[in-house]
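Note: the block below is target-v3.txt and it holds compact mmCIF, C-alpha atoms.
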# COMPACT_ATOMS: atom_id res chain seq x y z
CA MET A 1 90.15 80.79 212.28
CA SER A 2 92.24 82.83 209.83
CA VAL A 3 89.89 81.74 207.01
CA PHE A 4 86.86 83.13 208.84
CA LEU A 5 88.66 86.38 209.58
CA ALA A 6 89.59 86.68 205.90
CA ILE A 7 85.99 86.06 204.81
CA PHE A 8 84.80 88.65 207.33
CA ALA A 9 87.37 91.17 206.04
CA ILE A 10 86.43 90.59 202.38
CA SER A 11 82.74 91.09 203.06
CA LEU A 12 83.38 94.12 205.26
CA ALA A 13 85.62 95.75 202.67
CA ILE A 14 83.35 95.11 199.69
CA THR A 15 80.20 96.35 201.43
CA GLY A 16 81.95 99.31 203.03
CA PHE A 17 83.59 100.34 199.74
CA SER A 18 80.53 99.86 197.53
CA THR A 19 77.87 101.46 199.72
CA PRO A 20 78.70 105.11 198.87
CA TYR A 21 78.66 104.31 195.14
CA ILE A 22 75.38 102.44 195.40
CA ARG A 23 74.00 105.41 197.31
CA ARG A 24 74.90 107.73 194.44
CA LEU A 25 73.35 105.33 191.95
CA ALA A 26 70.13 105.14 193.96
CA ILE A 27 69.85 108.93 194.01
CA ALA A 28 70.60 109.15 190.28
CA ILE A 29 67.85 106.70 189.31
CA GLY A 30 65.35 107.87 191.89
CA PHE A 31 65.48 104.68 193.95
CA VAL A 32 64.63 106.44 197.21
CA ASP A 33 62.32 106.13 200.20
CA ALA A 34 60.09 109.19 200.43
CA PRO A 35 59.15 110.62 203.86
CA ALA A 36 55.72 109.68 205.18
CA GLY A 37 53.69 110.11 208.34
CA ARG A 38 54.98 107.03 210.19
CA LYS A 39 58.57 107.35 208.98
CA LEU A 40 61.31 109.03 210.96
CA HIS A 41 63.34 110.57 208.11
CA LYS A 42 62.44 113.99 206.73
CA GLU A 43 64.18 113.83 203.33
CA PRO A 44 64.11 111.21 200.53
CA MET A 45 66.59 108.48 201.45
CA PRO A 46 68.51 106.21 199.03
CA LEU A 47 67.03 102.72 199.29
CA MET A 48 69.58 100.33 197.75
CA GLY A 49 71.74 99.57 200.76
CA GLY A 50 70.56 95.98 200.68
CA VAL A 51 72.32 95.55 197.35
CA ALA A 52 75.64 96.43 199.01
CA ILE A 53 74.96 94.05 201.89
CA PHE A 54 74.04 91.21 199.57
CA GLY A 55 76.96 91.91 197.24
CA GLY A 56 79.55 91.86 200.01
CA ALA A 57 78.16 88.70 201.60
CA PHE A 58 77.66 86.91 198.26
CA ILE A 59 81.18 87.56 196.97
CA ALA A 60 82.63 86.41 200.30
CA PHE A 61 80.33 83.36 200.00
CA ILE A 62 81.88 82.49 196.61
CA VAL A 63 85.40 82.92 197.99
CA LEU A 64 84.49 80.67 200.92
CA PHE A 65 83.31 77.96 198.54
CA PHE A 66 86.69 77.73 196.83
CA VAL A 67 88.83 78.26 199.94
CA LEU A 68 87.12 75.49 201.92
CA ASP A 69 86.82 73.25 198.83
CA LEU A 70 83.10 72.69 199.34
CA TYR A 71 82.50 70.68 196.16
CA ALA A 72 81.36 67.68 198.20
CA ILE A 73 78.37 69.68 199.44
CA SER A 74 77.97 71.85 196.34
CA ASN A 75 74.28 70.93 196.12
CA ASP A 76 73.60 72.48 199.53
CA VAL A 77 75.70 75.52 198.70
CA MET A 78 73.90 76.01 195.40
CA GLY A 79 70.52 75.73 197.13
CA ILE A 80 71.45 78.39 199.68
CA GLY A 81 72.89 80.65 196.97
CA ILE A 82 69.85 80.44 194.69
CA ALA A 83 67.32 80.80 197.51
CA MET A 84 68.99 83.81 199.14
CA THR A 85 69.27 85.51 195.74
CA ILE A 86 65.54 85.04 195.15
CA MET A 87 64.77 86.42 198.60
CA MET A 88 66.95 89.46 197.89
CA LEU A 89 65.22 90.01 194.54
CA VAL A 90 61.78 89.86 196.18
CA GLY A 91 62.89 92.65 198.48
CA LEU A 92 64.42 94.63 195.62
CA VAL A 93 61.21 94.49 193.55
CA ASP A 94 59.20 95.43 196.63
CA ASP A 95 61.43 98.45 197.28
CA ARG A 96 61.36 99.58 193.67
CA SER A 97 57.63 99.13 193.19
CA GLY A 98 56.78 101.06 196.32
CA GLY A 99 55.31 98.00 197.98
CA LEU A 100 54.13 94.63 196.67
CA SER A 101 50.86 93.20 197.91
CA ALA A 102 51.22 91.05 201.02
CA LEU A 103 50.20 87.95 199.06
CA THR A 104 52.75 88.55 196.29
CA LYS A 105 55.52 89.26 198.77
CA ILE A 106 54.81 86.15 200.83
CA GLY A 107 54.55 84.11 197.62
CA GLY A 108 58.03 85.22 196.56
CA GLN A 109 59.44 84.36 199.97
CA ALA A 110 57.71 80.98 199.89
CA LEU A 111 59.28 80.24 196.51
CA ALA A 112 62.77 80.89 197.89
CA ILE A 113 62.15 78.64 200.90
CA VAL A 114 60.69 75.80 198.83
CA ILE A 115 63.69 75.93 196.49
CA LEU A 116 66.03 75.80 199.49
CA ILE A 117 64.26 72.74 200.90
CA SER A 118 64.22 71.05 197.48
CA PHE A 119 68.03 71.20 197.52
CA GLY A 120 68.03 69.26 200.79
CA VAL A 121 68.68 72.18 203.13
CA TYR A 122 66.31 71.99 206.09
CA ALA A 123 66.36 71.74 209.87
CA ARG A 124 66.67 67.93 210.24
CA VAL A 125 65.14 67.88 213.73
CA PRO A 126 65.84 64.35 215.05
CA PHE A 127 62.45 63.79 216.68
CA LEU A 128 60.35 65.05 213.72
CA PRO A 129 59.32 63.06 210.62
CA THR A 130 60.67 64.51 207.39
CA SER A 131 57.34 66.00 206.30
CA LEU A 132 56.97 67.95 209.56
CA ASP A 133 60.64 68.90 209.36
CA TYR A 134 59.92 70.58 206.02
CA VAL A 135 56.98 72.45 207.55
CA ALA A 136 59.02 73.55 210.57
CA THR A 137 61.82 74.78 208.31
CA PHE A 138 59.38 76.68 206.09
CA LEU A 139 57.65 78.38 209.02
CA TRP A 140 60.90 79.23 210.82
CA ILE A 141 62.49 80.89 207.80
CA MET A 142 59.28 82.74 206.90
CA ILE A 143 58.88 84.04 210.46
CA ILE A 144 62.49 85.14 210.92
CA SER A 145 62.68 86.74 207.46
CA ASN A 146 59.68 88.93 208.23
CA ALA A 147 60.66 89.52 211.86
CA THR A 148 64.02 90.87 210.64
CA ASN A 149 62.22 93.02 208.10
CA PHE A 150 60.09 94.41 210.95
CA LEU A 151 63.30 95.49 212.72
CA ASP A 152 64.23 97.83 209.88
CA ASN A 153 62.37 100.73 211.47
CA MET A 154 65.13 102.93 212.87
CA ASP A 155 68.63 103.94 211.78
CA GLY A 156 71.09 101.13 212.50
CA SER A 157 68.52 98.81 214.02
CA CYS A 158 68.31 95.92 211.56
CA ALA A 159 71.96 95.96 210.47
CA GLY A 160 73.31 96.11 214.02
CA ILE A 161 71.03 93.46 215.49
CA SER A 162 71.67 91.17 212.53
CA ALA A 163 75.40 91.67 213.09
CA VAL A 164 75.05 90.58 216.73
CA SER A 165 73.11 87.45 215.71
CA ALA A 166 75.63 86.63 212.97
CA ALA A 167 78.55 87.02 215.39
CA PHE A 168 77.11 84.50 217.84
CA ILE A 169 76.21 82.06 215.05
CA ALA A 170 79.77 82.31 213.69
CA LEU A 171 81.22 81.73 217.17
CA LEU A 172 79.08 78.69 217.95
CA ALA A 173 79.63 77.19 214.50
CA ALA A 174 83.41 77.66 214.74
CA ILE A 175 83.51 76.07 218.20
CA ASN A 176 81.65 73.03 216.86
CA GLY A 177 83.71 72.69 213.69
CA GLN A 178 81.01 73.76 211.23
CA GLU A 179 83.18 75.61 208.75
CA LEU A 180 80.53 76.45 206.16
CA VAL A 181 78.09 77.87 208.72
CA ALA A 182 80.85 79.81 210.49
CA GLY A 183 82.17 81.21 207.21
CA LEU A 184 78.76 82.30 205.97
CA ALA A 185 77.96 83.91 209.31
CA ALA A 186 81.31 85.74 209.19
CA ALA A 187 80.41 87.01 205.70
CA VAL A 188 77.05 88.27 206.96
CA LEU A 189 78.71 89.91 209.96
CA GLY A 190 81.20 91.73 207.73
CA ALA A 191 78.45 92.92 205.37
CA CYS A 192 76.33 94.22 208.25
CA LEU A 193 79.20 96.14 209.84
CA GLY A 194 80.37 97.51 206.49
CA PHE A 195 76.88 98.87 205.88
CA LEU A 196 76.31 100.05 209.45
CA ARG A 197 78.99 102.70 208.95
CA TYR A 198 76.51 104.51 206.67
CA ASN A 199 73.26 103.42 208.31
CA PHE A 200 73.81 104.27 211.97
CA LYS A 201 72.04 107.49 212.93
CA PRO A 202 72.15 109.82 211.12
CA ALA A 203 71.78 107.34 208.25
CA THR A 204 72.70 108.30 204.69
CA ILE A 205 71.21 105.17 203.10
CA PHE A 206 68.60 102.52 203.95
CA MET A 207 68.85 98.78 203.33
CA GLY A 208 65.16 98.43 202.44
CA ASP A 209 63.43 95.08 202.15
CA THR A 210 66.29 94.06 199.83
CA GLY A 211 68.67 93.86 202.74
CA ALA A 212 66.26 93.03 205.55
CA LEU A 213 64.68 90.01 203.85
CA PHE A 214 68.08 88.70 202.77
CA LEU A 215 69.50 89.07 206.28
CA GLY A 216 66.48 87.45 207.90
CA PHE A 217 66.57 84.57 205.45
CA ILE A 218 70.26 83.77 205.75
CA LEU A 219 70.29 84.11 209.56
CA ALA A 220 67.28 81.79 209.81
CA VAL A 221 68.99 79.22 207.58
CA LEU A 222 72.32 79.39 209.40
CA SER A 223 70.73 79.14 212.85
CA LEU A 224 68.95 75.94 211.76
CA GLN A 225 72.21 74.40 210.57
CA LEU A 226 73.95 74.70 213.93
CA ARG A 227 74.72 71.33 215.49
CA PHE A 228 75.71 70.52 219.09
CA PRO A 229 76.72 66.85 219.21
CA ASP A 230 77.87 67.05 222.84
CA ASN A 231 74.43 67.93 224.17
CA SER A 232 70.84 66.72 223.86
CA ASN A 233 68.59 68.01 221.08
CA PHE A 234 65.84 68.30 223.71
CA VAL A 235 67.61 71.36 225.08
CA THR A 236 69.68 72.71 222.17
CA TRP A 237 66.56 73.36 220.05
CA MET A 238 66.29 76.55 222.12
CA VAL A 239 69.52 77.94 220.67
CA PRO A 240 68.18 79.32 217.33
CA PRO A 241 65.25 81.21 218.97
CA LEU A 242 67.68 82.67 221.50
CA LEU A 243 70.20 83.76 218.86
CA LEU A 244 67.38 85.59 217.08
CA GLY A 245 65.64 86.63 220.29
CA VAL A 246 65.41 90.36 219.57
CA GLN A 247 63.79 89.68 216.19
CA LEU A 248 61.24 87.32 217.75
CA PHE A 249 60.54 89.64 220.68
CA ASP A 250 59.81 92.59 218.41
CA LEU A 251 57.60 90.49 216.15
CA SER A 252 55.68 89.15 219.16
CA LEU A 253 55.23 92.61 220.64
CA VAL A 254 54.02 94.16 217.39
CA THR A 255 51.73 91.22 216.58
CA TYR A 256 50.17 91.30 220.06
CA ALA A 257 49.65 95.07 219.94
CA ARG A 258 48.12 95.11 216.47
CA LEU A 259 45.83 92.16 217.06
CA LYS A 260 44.71 93.80 220.28
CA ARG A 261 43.76 96.90 218.25
CA GLY A 262 42.05 94.77 215.63
CA ASP A 263 44.69 95.51 212.96
CA ASN A 264 46.37 93.13 210.54
CA PRO A 265 49.95 92.63 211.80
CA LEU A 266 51.29 92.03 208.27
CA THR A 267 49.75 94.99 206.45
CA THR A 268 49.51 97.59 209.22
CA ALA A 269 52.45 99.88 209.83
CA GLY A 270 53.12 102.11 212.79
CA LYS A 271 55.48 103.33 215.48
CA ASP A 272 54.75 100.41 217.78
CA HIS A 273 58.03 98.50 217.51
CA THR A 274 60.37 97.87 220.43
CA SER A 275 62.72 100.64 219.33
CA HIS A 276 59.88 103.20 219.21
CA ARG A 277 58.70 102.17 222.67
CA ILE A 278 62.19 102.57 224.15
CA VAL A 279 62.30 106.08 222.69
CA GLY A 280 58.90 106.64 224.29
CA LEU A 281 60.51 105.89 227.65
CA GLY A 282 62.69 108.97 227.24
CA PHE A 283 65.74 107.63 225.42
CA THR A 284 67.19 108.90 222.13
CA GLN A 285 67.02 106.89 218.92
CA ARG A 286 70.71 106.03 219.19
CA GLU A 287 70.26 104.86 222.77
CA SER A 288 67.22 102.82 221.80
CA VAL A 289 69.14 100.98 219.09
CA MET A 290 72.11 100.42 221.40
CA PHE A 291 69.78 98.90 223.99
CA LEU A 292 68.59 96.44 221.34
CA TYR A 293 72.20 95.54 220.56
CA LEU A 294 72.74 94.81 224.27
CA PHE A 295 69.58 92.70 224.41
CA GLY A 296 70.83 90.76 221.38
CA GLY A 297 74.13 90.17 223.15
CA ALA A 298 72.33 88.98 226.28
CA PHE A 299 70.23 86.52 224.24
CA GLY A 300 73.43 85.29 222.58
CA LEU A 301 75.17 84.67 225.91
CA ILE A 302 72.15 82.72 227.16
CA ALA A 303 72.27 80.67 223.96
CA ILE A 304 75.91 79.79 224.64
CA PHE A 305 74.96 78.70 228.17
CA VAL A 306 72.13 76.52 226.82
CA THR A 307 74.56 74.67 224.53
CA GLN A 308 76.31 73.42 227.69
CA ALA A 309 73.27 73.13 229.97
CA THR A 310 71.56 70.01 231.19
CA ILE A 311 67.96 69.49 230.12
CA LEU A 312 66.71 70.71 233.51
CA GLU A 313 68.95 73.79 233.48
CA GLY A 314 67.94 74.61 229.93
CA TYR A 315 64.22 74.43 230.61
CA VAL A 316 64.49 76.39 233.86
CA ILE A 317 66.35 79.19 232.06
CA GLY A 318 63.94 78.99 229.11
CA GLY A 319 60.91 79.15 231.37
CA ILE A 320 62.22 82.15 233.32
CA LEU A 321 63.12 83.96 230.11
CA ALA A 322 59.73 83.25 228.54
CA PHE A 323 58.02 84.63 231.66
CA LEU A 324 60.16 87.80 231.61
CA ILE A 325 59.47 88.30 227.89
CA ALA A 326 55.71 87.97 228.43
CA ILE A 327 55.84 90.52 231.27
CA ALA A 328 57.91 92.92 229.15
CA ILE A 329 55.48 92.70 226.22
CA TYR A 330 52.52 93.28 228.53
CA LYS A 331 54.17 96.25 230.28
CA LEU A 332 55.34 97.93 227.08
CA GLU A 333 51.93 97.60 225.44
CA ARG A 334 50.11 98.77 228.54
CA LYS A 335 52.32 101.86 228.82
CA GLN A 336 51.80 102.82 225.18
CA SER A 337 48.04 102.24 225.44
CA ALA A 338 47.92 104.58 228.43
CA GLN A 339 49.62 107.41 226.52
Show this structure as structure tokens.
Amino acid sequence: MSVFLAIFAISLAITGFSTPYIRRLAIAIGFVDAPAGRKLHKEPMPLMGGVAIFGGAFIAFIVLFFVLDLYAISNDVMGIGIAMTIMMLVGLVDDRSGGLSALTKIGGQALAIVILISFGVYARVPFLPTSLDYVATFLWIMIISNATNFLDNMDGSCAGISAVSAAFIALLAAINGQELVAGLAAAVLGACLGFLRYNFKPATIFMGDTGALFLGFILAVLSLQLRFPDNSNFVTWMVPPLLLGVQLFDLSLVTYARLKRGDNPLTTAGKDHTSHRIVGLGFTQRESVMFLYLFGGAFGLIAIFVTQATILEGYVIGGILAFLIAIAIYKLERKQSAQ
């Protein structure tokens, strides 16, 4: 446990220390996010926070490699390192260019995922043939990467929710003796919290797609690597979607709302995310984000329960939760449509 705490502290310190300097650099070179109609900030905002998040997590990742003596699985480690760097660079180019085309952006993400799989890092679902396992891994990482990017719509939203997901992944991995997964999740947790100090409202820097795509990618990968040998795979497959439940809920809500309006969910932007809708109910932006943190914690606790549940218990809980989520999406969309 002391190793994971050390990795967390290294990542936290590096990201927390470097963020103000990266902010100054972003301002100096004009790497900023200009205000626009749908955006909540009124002044140009430095847009290189993702570099600090990636830097803190990546350095802690390297330290973890040597501390845990991971040479026996160096191929997997290298695959994760290369793929997450490519994903970060896709976001960085997108931020700097003012917005890549949807096709180019998805192509860059696909490249990172294909490279990851080529290094032998994929879900390994017991009841799926290898070819379908590759497809499931590809789709899962693509969905979560973009769902996490969607969450970067309000001060502190993406960093805080990602921190909650990373904390539960680290806990479950540590309990089940998965040192690499637990260490990487601890590094991500430290980076998120180190950055959140400067990103919680009122934010002084944004993470941009650089940080959001990296966080979504690494959380998707780590959630797939969790293993629960003491329970059946027919129930524990629910754990990754639960750990990333807020991300998936927001993506589902936004996709449903935009398709209902006849808009393209991937290219359309607007104030129709979960955080915006909570504000529309009369809460402040800070309260809205804190609600999402609590929802993330609730999803995480349910995930822990599912790891110990029987198949019947797991599916009863999953069914009830799916029903409540569907009702919530319907109610939130109906309320906004009536306004």
Give me the range 62-157 of chain A side of the contact with range 229-237 of chain A, cut-off 12 Å, one line per residue showing its nearest atom pair and distance in Å at one decimal, counting only C-alpha atoms, sorted by chain and residue number, as CSV.
residue,atom,partner,partner_atom,distance
A:Ala123,CA,A:Trp237,CA,10.3
A:Arg124,CA,A:Asn233,CA,11.0
A:Val125,CA,A:Asn233,CA,8.1
A:Pro126,CA,A:Asn233,CA,7.6
A:Phe127,CA,A:Asn233,CA,8.7
A:Leu128,CA,A:Asn233,CA,11.4
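Closest to Leu281 in chain A among A:Met45, A:Val135, A:Leu89, A:Leu332 is A:Leu332, based on all atoms listed in the file.
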Surrounding residues of Leu253 in chain A excluding itself and chain neighbours under 5 positions, 10 Å, only C-alpha atoms, as a ChimeraX atom specification = /A:248,258,272-274,325-326,328-330,332-333
Near-Trp140 in chain A list (9 Å; all atoms listed in the file; drop same-chain fewer than 6 positions) as an MDAnalysis selection string = chainID A and resid 220:221 224
How close does each residue of range 256-329 of chain A get to range 157-169 of chain A, giving the shortest atom pair and distance in Å to one decimal for every residue with an atom at most 10 Å away, counting only C-alpha atoms, sorted by chain and residue number, as JSON lines?
{"residue": "A:Ser275", "atom": "CA", "partner": "A:Ser157", "partner_atom": "CA", "distance": 8.1}
{"residue": "A:Gln285", "atom": "CA", "partner": "A:Ser157", "partner_atom": "CA", "distance": 9.6}
{"residue": "A:Arg286", "atom": "CA", "partner": "A:Ser157", "partner_atom": "CA", "distance": 9.1}
{"residue": "A:Ser288", "atom": "CA", "partner": "A:Ser157", "partner_atom": "CA", "distance": 8.8}
{"residue": "A:Val289", "atom": "CA", "partner": "A:Ser157", "partner_atom": "CA", "distance": 5.5}
{"residue": "A:Met290", "atom": "CA", "partner": "A:Ser157", "partner_atom": "CA", "distance": 8.4}
{"residue": "A:Leu292", "atom": "CA", "partner": "A:Ile161", "partner_atom": "CA", "distance": 7.0}
{"residue": "A:Tyr293", "atom": "CA", "partner": "A:Ile161", "partner_atom": "CA", "distance": 5.6}
{"residue": "A:Leu294", "atom": "CA", "partner": "A:Val164", "partner_atom": "CA", "distance": 8.9}
{"residue": "A:Phe295", "atom": "CA", "partner": "A:Ile161", "partner_atom": "CA", "distance": 9.1}
{"residue": "A:Gly296", "atom": "CA", "partner": "A:Val164", "partner_atom": "CA", "distance": 6.3}
{"residue": "A:Gly297", "atom": "CA", "partner": "A:Val164", "partner_atom": "CA", "distance": 6.5}
{"residue": "A:Phe299", "atom": "CA", "partner": "A:Ser165", "partner_atom": "CA", "distance": 9.1}
{"residue": "A:Gly300", "atom": "CA", "partner": "A:Phe168", "partner_atom": "CA", "distance": 6.1}
{"residue": "A:Leu301", "atom": "CA", "partner": "A:Phe168", "partner_atom": "CA", "distance": 8.3}
{"residue": "A:Ala303", "atom": "CA", "partner": "A:Phe168", "partner_atom": "CA", "distance": 8.7}
{"residue": "A:Ile304", "atom": "CA", "partner": "A:Phe168", "partner_atom": "CA", "distance": 8.4}
Using all atoms listed in the file, which residues of range 179-256 of chain A come within 12 Å of range 100-114 of chain A, and what is the closest atom pair for each, with the distance in Å to one decimal? Give it as a tab-separated table, sorted by chain and residue number.
residue	atom	partner	partner_atom	distance
A:Asp209	CA	A:Lys105	CA	10.4
A:Thr210	CA	A:Lys105	CA	11.8
A:Leu213	CA	A:Gln109	CA	8.6
A:Phe214	CA	A:Gln109	CA	10.1
A:Gly216	CA	A:Gln109	CA	11.0
A:Phe217	CA	A:Ile113	CA	8.7
A:Ile218	CA	A:Ile113	CA	10.8
A:Ala220	CA	A:Ile113	CA	10.8
A:Val221	CA	A:Ile113	CA	9.6
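Using only C-alpha atoms, the residues found no farther than 9 Å from Leu184 in chain A, other than those of its own chain fewer than 5 positions away, are A:Phe4, A:Ile7, A:Phe8, A:Ala57, A:Ala60, A:Phe61, A:Leu64, A:Ala166, A:Ala170, A:Glu179, A:Leu189, A:Ile218, A:Leu222.
Picture a line from CA of Phe291 in chain A to CA of Ile278 in chain A; it runs 8.4 Å.
Of the residues listed (A:Ile317, A:Arg334, A:Leu132, A:Val77), A:Val77 shows the shortest atom-to-atom separation from Gly120 in chain A; distances use all atoms listed in the file.
Among the candidates A:Ile80, A:Leu151, A:Leu242, A:Ala212, the residue lying nearest to Ile62 in chain A is A:Ile80 (atoms considered: all atoms listed in the file).
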Hey, can I get the axis-aligned box for range 91-106 of chain A? All listed atoms, 8 Å padding on each side, centre and edge lengths in Å to one decimal, as lines of an AutoDock Vina configuration file.
center_x = 57.3
center_y = 93.6
center_z = 197.1
size_x = 30.2
size_y = 30.9
size_z = 23.8
Record the distance separating CA of Met142 in chain A and CA of Ile117 in chain A, expressed in Å with one decimal.
-> 12.7 Å
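The set of protein, DNA and RNA residues with any counted atom at most 6 Å from (79.0, 103.1, 203.2) (only C-alpha atoms) reads Gly16, Thr19, Pro20, Phe195, Arg197 and Tyr198 of chain A.
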To one decimal in Å, tell me the separation between CA of Met88 in chain A and CA of Pro202 in chain A.
-> 24.8 Å
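Take the candidates A:Phe249, A:Phe31, A:Phe283, A:Tyr21 and check each one against Ala147 in chain A using only C-alpha atoms; the shortest distance goes to A:Phe249.
The smallest atom-to-atom distance between Thr85 in chain A and any of A:Val3, A:Ala186, A:Leu215, A:Ala26, using all atoms listed in the file, is found for A:Leu215.
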